[in-house]
Structure formats: C-alpha cells, structure tokens
Amino acid sequence: MEDVSRESLLREIQAADFTIIELNLYLNTHPYDQQSITIYNNMVQRAKALRDTYERLYGPLTARFSFSKCPWQWIESPWPWEWQN
Amino acid sequence: MNFSPLYGMNKLRYPYPMPIMPVSPELAHAYVPYQYYTRLYPPMVGLDKGTIFPGLDRPYGLDPEYTIDA
C-alpha cells in the first residue's frame, strides 16, 4: 500500500524532530559537548533530507515553508483526520 | 543506573568539571543532579519511549521506589 510508506516516512520525520528537541534541551545545559553537537547537526540534516523526500513524494508538510506546484497543493487530501488506520 | 557519572570518561570533554551537585549546596534548597552523557536511543526508539536518554527512561509504575500509587 502506498500509504504505508507515506506514514512510515512521516513517522521517521517525527522521530528525527523529537531527537532534535531532546538534544536541544540537553545542549542548553551542556553547551560544550562537542559529540552531542555533532549528533544534533547530523540529525538536523537528516530531518531536512527526510522532509525534502516526503514533500517531493507526497506534497507540502507546512503551508508557509513548503514549495507548491500548481494547483495549490496545500488543500489536497488527505487531511490529518482523514488517515485510515 | 549502570554508569558512574563522577568517574565516567565523559567529563573529560568539558572545559571545566561539572559537579553532579552544586559545590556548596544550601540547606532546604532543591537541586537537580547534573546529567552526564551516556548513549542515546535511536530516533524511533526515543520517540516511542518519550526520551532519547536511557538514564531518563523511567516509565511511571515500573519502579516501586518512584511510584506513589502503584
């Protein structure tokens, strides 16, 4: 099914974002932890790449920070509440 | 915990030693111990557990010492 890979890609983006937030909080109190900063930077890069892949395959993740083809892609289905489980 | 923060090699990474507690703790003040880096969960595991730090992974109810009503 097409939606399986779409959902798992979305899940990977969420996981990468969550790791970024966690490292963000950690680094606020550990600003000299070079190893963690490297992991943080790699994760930011990974999240960016995953987003690019997702948006190229399935359309915009945000209305304000994503490029759109014509017609305007933001209003395309499915909306988040239209997912099938 | 299976690591000893005060003697871990991790502290060598810091330009100054960070004590796990303030050097002169005040009576009646509450402190949070300084967190030492150990290892991280992979992103998917972290998202599932709610933290990427194994040391902070303490699901409520599992450890009787940290559970009030279980």
# chains A, B, ... in the order shown; residues from 1 in each chain; ligands from 1
call {"tool": "closest_atom_pairs", "arguments": {"of": "chain B", "to": "chain A", "cutoff": "12 Å", "atoms": "only C-alpha atoms", "output": "CSV"}}
result
residue,atom,partner,partner_atom,distance
B:Asn10,CA,A:Asp33,CA,9.2
B:Lys11,CA,A:Asp33,CA,9.6
B:Leu12,CA,A:Asp33,CA,10.1
B:Arg13,CA,A:Asp33,CA,6.6
B:Tyr14,CA,A:Tyr32,CA,6.1
B:Pro15,CA,A:Tyr32,CA,7.4
B:Tyr16,CA,A:Tyr32,CA,9.5
B:Pro17,CA,A:Tyr32,CA,11.3
B:Met18,CA,A:His30,CA,9.6
B:Val32,CA,A:Thr29,CA,11.9
B:Pro33,CA,A:Thr29,CA,11.7
B:Tyr34,CA,A:Thr29,CA,8.7
B:Gln35,CA,A:Tyr26,CA,8.5
B:Tyr36,CA,A:His30,CA,9.0
B:Tyr37,CA,A:Ser36,CA,8.5
B:Thr38,CA,A:Ser36,CA,10.5
B:Arg39,CA,A:Ser36,CA,9.9
B:Leu40,CA,A:Thr19,CA,9.2
B:Tyr41,CA,A:Thr19,CA,9.0
B:Pro42,CA,A:Thr19,CA,8.4
B:Pro43,CA,A:Ala15,CA,4.9
B:Met44,CA,A:Ala15,CA,5.2
B:Val45,CA,A:Ala15,CA,8.2
B:Gly46,CA,A:Thr19,CA,7.1
B:Leu47,CA,A:Ala15,CA,5.3
B:Asp48,CA,A:Ala15,CA,8.4
B:Lys49,CA,A:Ala15,CA,10.8
B:Gly50,CA,A:Phe18,CA,8.7
B:Thr51,CA,A:Glu22,CA,7.1
B:Ile52,CA,A:Thr19,CA,6.5
B:Phe53,CA,A:Glu22,CA,8.5
B:Leu56,CA,A:Glu22,CA,11.3
call {"tool": "residues_around", "arguments": {"residues": "range 61-65 of chain A", "least_positions_apart": "6", "cutoff": "10 Å", "atoms": "only C-alpha atoms", "output": "CSV table (one decimal) with N, CA and C atoms, in the first residue's frame"}}
result
chain,number,residue,atom,x,y,z
A,10,LEU,N,6.6,9.7,7.5
A,10,LEU,CA,6.2,10.8,8.4
A,10,LEU,C,6.6,10.5,9.8
A,51,ARG,N,12.4,15.5,5.2
A,51,ARG,CA,11.3,16.4,4.8
A,51,ARG,C,11.3,16.6,3.3
A,52,ASP,N,12.5,16.8,2.7
A,52,ASP,CA,12.6,17.1,1.3
A,52,ASP,C,12.0,15.8,0.5
A,54,TYR,N,9.9,13.6,1.7
A,54,TYR,CA,8.4,13.5,1.9
A,54,TYR,C,7.7,14.5,1.0
A,55,GLU,N,8.2,15.7,0.9
A,55,GLU,CA,7.4,16.7,0.2
A,55,GLU,C,7.5,16.5,-1.3
A,72,TRP,N,-2.4,24.7,-6.2
A,72,TRP,CA,-2.0,24.9,-4.8
A,72,TRP,C,-2.2,23.5,-4.1
A,73,GLN,N,-1.0,23.0,-3.6
A,73,GLN,CA,-1.1,21.6,-3.1
A,73,GLN,C,-1.6,21.5,-1.7
A,74,TRP,N,-1.6,22.6,-1.0
A,74,TRP,CA,-1.9,22.5,0.5
A,74,TRP,C,-3.3,21.9,0.7
A,75,ILE,N,-4.2,22.2,-0.2
A,75,ILE,CA,-5.6,21.8,0.0
A,75,ILE,C,-5.9,20.4,-0.5
call {"tool": "atom_distance", "arguments": {"atom1": "CA of Trp79 in chain A", "atom2": "CA of Phe67 in chain A"}}
result
17.8 Å
call {"tool": "atom_distance", "arguments": {"atom1": "CA of Ile37 in chain A", "atom2": "CA of Tyr31 in chain B"}}
result
25.6 Å
